[in-house]
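Here is the structure we will look at, set down as structure tokens.
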Amino acid sequence: MSNILEVKDLSVSYGGIKAVKNISFQVPKGEIVTLIGANGAGKSSTLRSIVGLVKPKTGNIKLNGKEIAGKTPEQIVSQGITLVPEGRRVFADLTVLENLKIGAYMRKDSLEEDINWCYDLFPRLKERNWQLAGTLSGGEQQMLAIARALMSRPDIIMMDEPSLGLAPIVVKGVFDIIREINKQGKTILLVEQNANMALRAAHHGYVMETGTITLSGTGEELASNESVKAAYLGKNKKNNAVR
Amino acid sequence: MTKKKETIISVALIAALLIVLYVLEQILPSTSMLFTVLKKGAIYALVAVSMNLLNGFTGLFSLGQAGFMLLGAYTYGILTIPVEQRENVYMYFDGGIVQFTVPVFVALIAAGVVAAVFAYLIGLPVLRLKSDYLAIATLGFAEIIRAVFQWDKLGPLTNGSNLLRAYPTFNSVLFPFLVSGICIAIIVMMINSTYGRAFKAIRDDEVAAEAMGINLAHHKRIAFVVSSFFAGVSGALLAMYQTTIQASTFKSAMTYEILLIVVIGGIGSVTGSCISSFLFIIFSEWILRFLDNDTYIGSFHVPLLRAGFRKVVFSVVIMIIVLFFRQGIMGTREFSIRGIYNFLTGKSKKKKTAKGGNA
């Protein structure tokens, strides 16, 4: 299986403070890969450096075999990768439709087909086509953020804590959508604190702690791992490894 | 209502407006206050819309508008004073160094271009700043430009602190309406294009916009340069209206007046800016004049009314607006023919009207 994204020895630092220390991981084509870890583990910094919002200090990032480390977000997004930023960050004063069009900013061709595709995935957004994004509920905003990212026709889509601040039932909906998008052929790199949900959805997972990757394995392996259980899943829950 | 119908009605309305203006000019004496208001209102509408492009649509809080207007005004004046008049105008500087004139329209465009070039150069360092810091930096630039243009050493070009005059001006109120109308139409087209959408995205959330692949520096620079271009053109129009140019008129108070117009009209509404600029001019030039005069009712001396009191009233107005009517007249909505049609026929669609007519 070929890797769509390969990260090697990536380090990110903010003025001397090392947020990410020499991590390496791969994302195989067509899979859901998750990075889990506590606050400050460096998960978001990893995603931000992949998409170019933060310049990595050292390391290689290869997308479809091409080096993208150190390029601008503009160049990186046009190569087929997008980020659904943490905290949704929809454009509050623009309509749902305008938000989607911004998502396709790098493209010059017709958007009709993709907009319809997004509306098929998220019928709620279609109903709210002309509504300002800021007036949507948290769950709807998350849907919009995902749809917006899909508009650039990425090969791989990175999501930074899509479950943040959402009710459990809505979180379930978000993960259903993530699986659905994956089924339709998109590769997904998912960063989560909700380890339980993330590991159930993922084919492969990495555990990050204070800037380094401490564990890796398939979703099921990690979910049944004793130390992961202790740290992220709650020691007493023994039945959550089953899908 | 079809799109075609809408266009026809828009064109008809604009034509009707121009005809009404033309007829008014034939009937009323040209010194009528109405024309002063209309001319100045049209010019301020343009500069307010250009400021709105930056502050309202791109979210860049810039206070350099008066500086760019000054650049436009001087460029226009310097390029259009007839050669035979130059000896007279530049009497302290041996007729100045520019010894040619260009046609009015070329000079108007040159006015915009000079302002735009300065905006580009200033934008390189200044656009890295955000919100208040950007405001301070641009305000500082405007003040520096004003001081530099009054500098004696530049006299052969700018006539130092003396007036520039004797350049071609306009008599008809149609001229500023046409020029402003065309310029505002161009800005509206830009706002409705993908560029406009990117500007609004930057305004709403810079990080998300960048993550979508929008080049922040590039788009901010475009907004800044385009806004300054039209500020330059409006500066030239203002010079034509005032018939003389003096750097000291382009004070920061002028920027605040324009900011007031933008806020009253609604930050992020082009038609709001147009409407409020006329309202502002009507009130400041015409209706509220009495506030500046000592007034007696019988033998009773009305208190407070004296020169400068108008400014106090304006300050109170802006405080009231900022405290209670933050949306201004239009908010971010636009005045449109479709909107009125739907309003009149009772068809209120949920759809937000995106396009607006212009002055």
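Residue numbering restarts at 1 for every chain of the structure tokens, chains are lettered A, B, ... in their displayed order, and ligands are numbered from 1 as they appear.
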
| task | Output as JSON, numbers by chain the set of chain A residues within 9 Å of chain B, with distances taken over only C-alpha atoms. | result | {"A": [48, 51, 52, 53, 72, 73, 74, 75, 76, 77, 78, 82, 83, 84, 85, 88, 89, 90, 91, 92, 93, 94, 95, 98, 99, 101, 102, 103, 104, 105, 106, 129, 130, 131, 148, 149, 152]}

| task | Write out as a list in words the residues lying within 9 Å of region 54-58 of chain A, counting only C-alpha atoms and excluding same-chain residues fewer than 3 positions away. | result |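 Once the adjacent positions are removed, what remains is Asp9, Leu10, Ser11, Val12, Ser13, Asn22, Ser45, Thr46, Arg48, Ser49, Ile50, Val51, Ala69, Gly70, Lys71 and Thr72 of chain A.
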
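Across the model, the gap from CA of Phe229 (chain B) to CA of Val117 (chain B) is 8.4 Å.
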
| query | Hey, what's within 7 Å of region 220-233 of chain A if we count only C-alpha atoms and toss same-chain stuff fewer than 4 positions away? As a list in words, please? | reply | Ala195, Asn196, Leu199, Arg200 and Ala241 of chain A

| query | How would you write, as an NGL selection string, the set of residues in region 50-147 of chain B that DSSP gives as helix (DSSP H, G or I)? | reply | :B and (50-57 or 65-80 or 83-89 or 104-126 or 131-147)

| Contacts of Gly40 (chain A) at 8 Å or less, counting only C-alpha atoms, minus same-chain residues fewer than 2 places along, as a ChimeraX atom specification? | /A:19,38,42-43,210-211

Store the residues picked out above, limited to C-alpha atoms, as a short mmCIF file (atom, residue, chain, number, x, y, z; two decimals), in the first residue's frame.
```
data_model
loop_
_atom_site.label_atom_id
_atom_site.label_comp_id
_atom_site.auth_asym_id
_atom_site.auth_seq_id
_atom_site.Cartn_x
_atom_site.Cartn_y
_atom_site.Cartn_z
CA ALA A 19 6.44 21.49 20.54
CA ALA A 38 -3.37 15.05 25.73
CA GLY A 42 2.04 18.61 19.83
CA LYS A 43 -0.80 17.17 17.75
CA THR A 210 5.01 15.89 24.95
CA GLY A 211 6.11 16.17 21.37
#
```

| Secondary structure check, strand (DSSP E) residues of region 143-179 of chain A, as a ChimeraX atom specification | /A:156-160

| said: So that I can check the surroundings of Ile320 (chain B), please list as a PyMOL selection string every protein, DNA and RNA residue that reaches within 12 Å of it, counting only C-alpha atoms and ignoring chain neighbours fewer than 6 positions away. | reply: chain B and resi 260+263-264+313-314+326-328
